[in-house]
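> Data: final.tsv, TSV, C-alpha atoms and all ligand atoms.
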```
chain	number	residue	atom	x	y	z
E	1	MET	CA	124.13	109.87	60.41
E	2	ALA	CA	123.74	106.87	62.71
E	3	LEU	CA	122.08	107.34	66.06
E	4	GLN	CA	124.46	107.09	68.98
E	5	LEU	CA	123.33	105.80	72.35
E	6	VAL	CA	125.71	106.58	75.18
E	7	ILE	CA	125.47	103.97	77.92
E	8	GLY	CA	127.29	102.78	81.03
E	9	ASN	CA	128.18	99.30	82.27
E	10	LYS	CA	125.55	96.81	81.19
E	11	ASN	CA	125.98	94.89	84.44
E	12	TYR	CA	124.94	97.84	86.59
E	13	SER	CA	123.38	100.63	84.57
E	14	SER	CA	119.66	100.07	84.73
E	15	TRP	CA	118.92	103.53	83.31
E	16	SER	CA	121.05	102.70	80.26
E	17	MET	CA	119.26	99.41	79.81
E	18	ARG	CA	115.83	101.00	79.36
E	19	PRO	CA	116.27	103.00	76.14
E	20	TRP	CA	118.78	100.47	74.78
E	21	LEU	CA	116.09	97.79	75.04
E	22	ALA	CA	113.38	100.05	73.62
E	23	LEU	CA	115.51	100.69	70.51
E	24	ARG	CA	117.00	97.22	70.10
E	25	ALA	CA	113.74	95.31	70.63
E	26	ASN	CA	112.20	97.43	67.87
E	27	GLY	CA	115.05	97.01	65.41
E	28	VAL	CA	116.09	100.69	65.44
E	29	PRO	CA	119.77	100.74	64.41
E	30	PHE	CA	122.17	102.68	66.62
E	31	GLU	CA	125.82	102.87	67.48
E	32	GLU	CA	126.58	102.09	71.09
E	33	VAL	CA	128.99	104.40	72.90
E	34	PHE	CA	130.15	102.67	76.07
E	35	ILE	CA	131.59	104.79	78.87
E	36	PRO	CA	132.52	102.92	82.07
E	37	LEU	CA	130.89	104.48	85.13
E	38	TYR	CA	132.54	105.74	88.32
E	39	THR	CA	136.12	105.27	87.08
E	40	GLY	CA	137.24	108.86	87.58
E	41	VAL	CA	137.47	112.24	85.94
E	42	ALA	CA	138.41	111.15	82.41
E	43	ASP	CA	135.33	109.00	81.84
E	44	LYS	CA	133.09	111.52	83.61
E	45	ASN	CA	134.40	114.16	81.20
E	46	ARG	CA	133.59	111.89	78.26
E	47	ILE	CA	129.99	111.71	79.48
E	48	LEU	CA	129.98	115.48	79.97
E	49	GLY	CA	131.12	115.78	76.36
E	50	PHE	CA	127.75	114.34	75.36
E	51	THR	CA	125.47	115.81	78.02
E	52	GLY	CA	125.81	118.43	80.72
E	53	SER	CA	123.82	116.12	83.02
E	54	GLY	CA	127.01	114.06	83.40
E	55	LYS	CA	124.87	110.93	83.38
E	56	VAL	CA	124.03	108.15	80.99
E	57	PRO	CA	122.02	107.31	78.98
E	58	ALA	CA	122.08	109.94	76.26
E	59	LEU	CA	120.94	109.64	72.67
E	60	VAL	CA	122.57	111.64	69.89
E	61	ASP	CA	120.55	112.01	66.70
E	62	GLY	CA	122.54	114.36	64.47
E	63	ASP	CA	122.42	117.76	66.12
E	64	VAL	CA	119.80	116.67	68.65
E	65	THR	CA	120.89	115.24	72.00
E	66	ILE	CA	118.39	113.72	74.39
E	67	TRP	CA	119.42	112.72	77.89
E	68	ASP	CA	117.46	110.86	80.53
E	69	SER	CA	116.00	107.41	79.89
E	70	LEU	CA	112.32	108.30	79.69
E	71	ALA	CA	112.91	111.34	77.47
E	72	ILE	CA	114.86	109.10	75.08
E	73	ILE	CA	112.00	106.61	74.91
E	74	GLU	CA	109.55	109.46	74.26
E	75	TYR	CA	111.81	110.80	71.52
E	76	ALA	CA	112.18	107.37	69.93
E	77	ALA	CA	108.40	106.89	70.01
E	78	GLU	CA	107.99	110.13	68.02
E	79	ARG	CA	110.97	109.75	65.73
E	80	PHE	CA	110.29	106.10	64.88
E	81	ALA	CA	106.51	106.00	65.03
E	82	GLU	CA	106.50	102.52	63.50
E	83	THR	CA	108.04	101.16	66.71
E	84	ARG	CA	104.72	101.57	68.57
E	85	LEU	CA	106.53	102.19	71.85
E	86	TRP	CA	103.29	103.51	73.31
E	87	PRO	CA	99.89	101.81	72.83
E	88	GLU	CA	97.69	103.15	70.04
E	89	ASP	CA	94.65	103.57	72.22
E	90	ARG	CA	94.68	106.92	74.05
E	91	ALA	CA	93.57	105.57	77.43
E	92	SER	CA	96.10	102.73	77.30
E	93	ARG	CA	98.79	105.19	76.21
E	94	ALA	CA	98.01	107.39	79.21
E	95	HIS	CA	98.19	104.33	81.45
E	96	ALA	CA	101.53	103.24	79.94
E	97	ARG	CA	102.95	106.73	80.42
E	98	SER	CA	101.68	106.89	84.01
E	99	ILE	CA	103.35	103.66	85.07
E	100	SER	CA	106.54	104.57	83.18
E	101	ALA	CA	106.67	107.92	84.97
E	102	GLU	CA	105.95	106.16	88.28
E	103	MET	CA	108.92	103.86	87.64
E	104	HIS	CA	111.10	106.77	86.59
E	105	SER	CA	110.39	108.92	89.63
E	106	GLY	CA	109.68	106.31	92.26
E	107	PHE	CA	110.64	103.04	93.91
E	108	ALA	CA	113.72	104.58	95.49
E	109	ALA	CA	113.87	102.00	98.29
E	110	LEU	CA	113.89	99.07	95.89
E	111	ARG	CA	116.41	100.79	93.64
E	112	ASN	CA	118.74	101.57	96.55
E	113	GLU	CA	118.48	98.24	98.32
E	114	CYS	CA	118.43	95.95	95.28
E	115	GLY	CA	120.77	97.51	92.76
E	116	MET	CA	120.93	95.87	89.34
E	117	ASN	CA	123.99	93.64	89.36
E	118	LEU	CA	123.78	90.66	87.05
E	119	HIS	CA	127.03	89.20	88.34
E	120	ARG	CA	125.71	88.94	91.87
E	121	PRO	CA	124.91	85.38	92.98
E	122	VAL	CA	121.15	84.94	93.36
E	123	GLY	CA	120.07	85.27	96.97
E	124	VAL	CA	117.68	86.92	99.38
E	125	ILE	CA	118.60	90.01	101.41
E	126	ALA	CA	116.78	91.69	104.31
E	127	LEU	CA	114.53	94.40	102.89
E	128	SER	CA	113.07	97.51	104.49
E	129	ASP	CA	109.31	98.00	104.71
E	130	ALA	CA	109.63	100.69	102.05
E	131	ALA	CA	111.30	98.27	99.63
E	132	ARG	CA	108.63	95.67	100.32
E	133	ALA	CA	105.97	98.28	99.59
E	134	ASP	CA	107.73	99.12	96.30
E	135	ILE	CA	107.75	95.44	95.33
E	136	ALA	CA	104.05	95.09	96.16
E	137	ARG	CA	103.17	98.18	94.11
E	138	ILE	CA	105.18	97.02	91.08
E	139	GLN	CA	103.46	93.65	91.20
E	140	GLN	CA	100.09	95.40	91.41
E	141	ILE	CA	100.97	97.50	88.33
E	142	TRP	CA	102.05	94.47	86.32
E	143	ILE	CA	99.10	92.32	87.36
E	144	GLU	CA	96.62	95.05	86.46
E	145	CYS	CA	98.20	95.56	83.03
E	146	ARG	CA	98.29	91.84	82.34
E	147	ALA	CA	94.64	91.46	83.40
E	148	ARG	CA	93.63	94.26	81.03
E	149	HIS	CA	95.87	93.47	78.07
E	150	GLY	CA	96.87	89.83	78.48
E	151	LYS	CA	94.82	88.82	75.44
E	152	SER	CA	96.89	90.98	73.08
E	153	GLY	CA	100.31	89.56	73.98
E	154	PRO	CA	102.69	88.64	76.81
E	155	PHE	CA	103.84	92.16	77.77
E	156	LEU	CA	102.22	94.92	79.84
E	157	PHE	CA	100.14	96.29	76.97
E	158	GLY	CA	100.33	93.22	74.74
E	159	ALA	CA	103.34	93.80	72.51
E	160	PHE	CA	106.67	94.90	74.00
E	161	GLY	CA	106.71	98.69	74.45
E	162	GLY	CA	108.11	101.65	76.33
E	163	ALA	CA	106.54	100.67	79.66
E	164	ASP	CA	108.15	97.22	79.45
E	165	ALA	CA	111.50	98.84	78.71
E	166	MET	CA	111.11	101.04	81.81
E	167	PHE	CA	110.39	98.02	84.05
E	168	ALA	CA	112.87	95.57	82.45
E	169	PRO	CA	115.66	96.10	85.03
E	170	VAL	CA	113.16	95.26	87.77
E	171	VAL	CA	112.88	91.78	86.25
E	172	HIS	CA	116.61	91.36	86.87
E	173	ARG	CA	116.29	92.78	90.38
E	174	PHE	CA	113.44	90.44	91.31
E	175	SER	CA	115.47	87.50	89.99
E	176	THR	CA	118.82	88.43	91.54
E	177	TYR	CA	117.38	89.08	94.99
E	178	ALA	CA	115.09	86.03	94.79
E	179	ILE	CA	111.97	88.08	95.43
E	180	GLU	CA	108.83	85.97	95.83
E	181	VAL	CA	106.29	86.98	93.20
E	182	ALA	CA	102.72	86.20	92.18
E	183	PRO	CA	102.15	83.68	89.35
E	184	GLU	CA	101.09	86.42	86.88
E	185	VAL	CA	104.29	88.29	87.68
E	186	ARG	CA	106.35	85.16	87.15
E	187	ASP	CA	104.75	84.74	83.72
E	188	TYR	CA	105.51	88.34	82.80
E	189	MET	CA	109.12	87.94	83.94
E	190	GLY	CA	109.33	84.82	81.76
E	191	ALA	CA	108.08	86.78	78.74
E	192	MET	CA	110.73	89.42	79.38
E	193	ARG	CA	113.47	86.81	79.70
E	194	SER	CA	112.40	85.34	76.34
E	195	LEU	CA	112.82	88.66	74.54
E	196	PRO	CA	115.94	88.43	72.32
E	197	ALA	CA	116.99	92.02	73.11
E	198	PHE	CA	116.72	91.35	76.88
E	199	GLN	CA	118.84	88.22	76.40
E	200	GLU	CA	121.39	90.13	74.34
E	201	TRP	CA	121.79	92.81	77.05
E	202	THR	CA	122.04	90.13	79.76
E	203	ARG	CA	124.69	88.15	77.89
E	204	ALA	CA	126.77	91.27	77.32
E	205	ALA	CA	126.40	92.30	80.98
E	206	LEU	CA	127.56	88.89	82.17
E	207	ALA	CA	130.57	89.09	79.85
E	208	GLU	CA	131.72	92.37	81.42
E	209	THR	CA	134.59	92.17	83.87
E	210	LEU	CA	134.59	95.72	85.26
E	211	VAL	CA	133.60	95.88	88.91
E	212	ILE	CA	132.13	98.96	90.59
E	213	GLU	CA	133.01	98.38	94.24
E	214	LYS	CA	130.33	100.64	95.68
E	215	PHE	CA	127.65	98.50	94.02
E	216	GLU	CA	129.05	95.26	95.42
E	217	THR	CA	127.99	95.75	99.01
E	218	VAL	CA	125.01	93.38	99.20
E	301	LIG	N1	117.06	109.92	85.70
E	301	LIG	C1	118.18	109.55	84.88
E	301	LIG	C2	119.17	108.80	85.72
E	301	LIG	C3	120.51	108.60	85.03
E	301	LIG	C4	121.55	108.03	85.96
E	301	LIG	O1	121.47	108.16	87.21
E	301	LIG	N2	122.56	107.38	85.38
E	301	LIG	C5	123.65	106.82	86.14
E	301	LIG	C6	123.98	105.40	85.67
E	301	LIG	S1	122.64	104.26	85.77
E	301	LIG	C7	124.93	107.59	85.85
E	301	LIG	O2	125.14	108.08	84.76
E	301	LIG	N3	125.82	107.69	86.83
E	301	LIG	C8	127.12	108.25	86.59
E	301	LIG	C9	127.45	109.41	87.45
E	301	LIG	O3	126.57	109.91	88.16
E	301	LIG	O4	128.62	109.82	87.40
E	301	LIG	C10	117.66	108.74	83.68
E	301	LIG	O5	116.53	108.26	83.75
E	301	LIG	O6	118.37	108.60	82.66
```
Could the structure of this file be written out as structure tokens, please?


Amino acid sequence: MALQLVIGNKNYSSWSMRPWLALRANGVPFEEVFIPLYTGVADKNRILGFTGSGKVPALVDGDVTIWDSLAIIEYAAERFAETRLWPEDRASRAHARSISAEMHSGFAALRNECGMNLHRPVGVIALSDAARADIARIQQIWIECRARHGKSGPFLFGAFGGADAMFAPVVHRFSTYAIEVAPEVRDYMGAMRSLPAFQEWTRAALAETLVIEKFETV
């Protein structure tokens, strides 16, 4: 039975983007189940039909359901070992998991102040000190990874992997809100933008017409 990945609006749903990219960039076939977010009870109930969390993303693999972006990436890394979503080397794998968990549980100020919204015209907004600190920390993470693994490829650990999928929406956020970045960070963002799966998601997001008013405030 085909895998099903339940996702929300590609324009806004950064958590959906992460596992979608991890699977797509690695050629894992799946059926996409799109449920528009924040439209009301009917769509919320559709999400609840897949996962009691009431949130997307969720992955359905036969009788196994996995919800939450990072858990899906972990599951995919086990289920499709050939995808190499985590680095082979144990120390690098631990590093990749640490930064992925840091992304998953942190950077609340950046996430709140600079929501992913690909339709938004590019432009600077006033940021809090906390958001600035988040941006500095993310740049530090990326620069350190690139310094360590730059020789093996253009992504955080060389080839595109789970950690890149976790940070991919930040590339859109940095671009949309015209965040000034270091040259190494600019190069990494360029590598991400060249990834066919990233381009595919972006094109589809830009083609969407649904607007979620509460995400259109900045
Ligand atoms: N920690 C979760 C976050 C999931 C999440 O917040 N998803 C949002 C969309 S990006 C959602 O489903 N919102 C719909 C709702 O709360 O009704 C993950 O990593 O998957």

> Tell me, as a PDB file with C-alpha atoms, keeping the file's coordinate frame, which residues lie within 9 Å of range 109-112 of chain E, counting all atoms listed in the file; anything in the same chain fewer than 6 positions away does not count.


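Wrote out.pdb, looks like this:
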```pdb
ATOM      1  CA  LEU E 127     114.530  94.400 102.890  1.00  0.00           C
ATOM      2  CA  SER E 128     113.070  97.510 104.490  1.00  0.00           C
ATOM      3  CA  ASP E 129     109.310  98.000 104.710  1.00  0.00           C
ATOM      4  CA  ALA E 130     109.630 100.690 102.050  1.00  0.00           C
ATOM      5  CA  ALA E 131     111.300  98.270  99.630  1.00  0.00           C
ATOM      6  CA  ARG E 132     108.630  95.670 100.320  1.00  0.00           C
ATOM      7  CA  ALA E 133     105.970  98.280  99.590  1.00  0.00           C
ATOM      8  CA  ASP E 134     107.730  99.120  96.300  1.00  0.00           C
ATOM      9  CA  ILE E 135     107.750  95.440  95.330  1.00  0.00           C
ATOM     10  CA  VAL E 170     113.160  95.260  87.770  1.00  0.00           C
ATOM     11  CA  ARG E 173     116.290  92.780  90.380  1.00  0.00           C
TER      12      ARG E 173
END
```

> Hey, could you make a per-residue contact list for chain E against ligand LIG 301 (chain E) with 7 Å as the cut-off, showing the nearest pair of atoms and its distance in Å to one decimal, counting only C-alpha atoms and all ligand atoms, sorted by chain and number, as CSV?


```
residue,atom,partner,partner_atom,distance
E:Gly8,CA,E:LIG301,C6,6.3
E:Tyr12,CA,E:LIG301,S1,6.9
E:Ser13,CA,E:LIG301,S1,3.9
E:Ser14,CA,E:LIG301,S1,5.2
E:Trp15,CA,E:LIG301,S1,4.5
E:Ser16,CA,E:LIG301,S1,5.9
E:Leu37,CA,E:LIG301,C8,5.5
E:Tyr38,CA,E:LIG301,O4,5.7
E:Lys44,CA,E:LIG301,O4,6.1
E:Gly54,CA,E:LIG301,O4,6.0
E:Lys55,CA,E:LIG301,O2,3.2
E:Val56,CA,E:LIG301,O2,3.9
E:Pro57,CA,E:LIG301,O6,5.3
E:Trp67,CA,E:LIG301,O6,6.4
E:Asp68,CA,E:LIG301,O6,3.2
E:Ser69,CA,E:LIG301,O6,3.8
E:Leu70,CA,E:LIG301,O5,5.8
E:His104,CA,E:LIG301,O5,6.3
```

> Determine the nearest neighbour of Val60 in chain E from the options E:Leu21, E:Met1, E:Val124, E:Met116, counting all atoms listed in the file.

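Checking each of E:Leu21, E:Met1, E:Val124, E:Met116 against Val60 in chain E, counting all atoms listed in the file, the winner is E:Met1.
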
> Ranking E:Met189, E:Leu5, E:Met17, E:Ile47 by minimum distance to Thr202 in chain E and counting only C-alpha atoms, which one comes first?

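Counting only C-alpha atoms, the residue closest to Thr202 in chain E is E:Met17.
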
> Pick out the closest residue to Ser194 in chain E from this set: E:Ala25, E:Met103, E:Val41, E:Phe80. Count only C-alpha atoms.

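With only C-alpha atoms as the atom set, the closest residue is E:Ala25.
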
> Would you list the contacts of range 140-157 of chain E as JSON, numbers by chain, taking every protein, DNA or RNA residue within 7 Å and counting all atoms listed in the file, but skipping same-chain residues closer than 3 positions in sequence?

{"E": [87, 136, 137, 160, 164, 184, 185, 188, 191]}

> Which residues, written as a JSON list (two decimals) with C-alpha atoms, in the coordinates of the input, have at least one atom at most 10 Å from Arg97 in chain E, with only C-alpha atoms counted and residues fewer than 2 positions away on the same chain left out?


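And here's around-v9.json as it stands now:
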```json
[["chain", "number", "residue", "atom", "x", "y", "z"],
["E", 70, "LEU", "CA", 112.32, 108.30, 79.69],
["E", 74, "GLU", "CA", 109.55, 109.46, 74.26],
["E", 86, "TRP", "CA", 103.29, 103.51, 73.31],
["E", 87, "PRO", "CA", 99.89, 101.81, 72.83],
["E", 91, "ALA", "CA", 93.57, 105.57, 77.43],
["E", 92, "SER", "CA", 96.10, 102.73, 77.30],
["E", 93, "ARG", "CA", 98.79, 105.19, 76.21],
["E", 94, "ALA", "CA", 98.01, 107.39, 79.21],
["E", 95, "HIS", "CA", 98.19, 104.33, 81.45],
["E", 99, "ILE", "CA", 103.35, 103.66, 85.07],
["E", 100, "SER", "CA", 106.54, 104.57, 83.18],
["E", 101, "ALA", "CA", 106.67, 107.92, 84.97],
["E", 102, "GLU", "CA", 105.95, 106.16, 88.28],
["E", 103, "MET", "CA", 108.92, 103.86, 87.64],
["E", 162, "GLY", "CA", 108.11, 101.65, 76.33],
["E", 163, "ALA", "CA", 106.54, 100.67, 79.66]]
```

> In terms of the shortest atom-to-atom distance over all atoms listed in the file, which of E:Leu85, E:Ala96, E:Val6, E:Val171 is closest to Gly49 in chain E?

E:Val6

> Given the choices E:Ala76, E:Leu118, E:Ala71, E:Leu3, which gets closest to Pro169 in chain E if the distance is worked out from all atoms listed in the file?

E:Leu118

> Between E:Met192, E:Val211, E:Gly106, E:Glu216, single out the one closest to Thr39 in chain E, counting only C-alpha atoms.

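The answer is E:Val211, which sits nearest to Thr39 in chain E.
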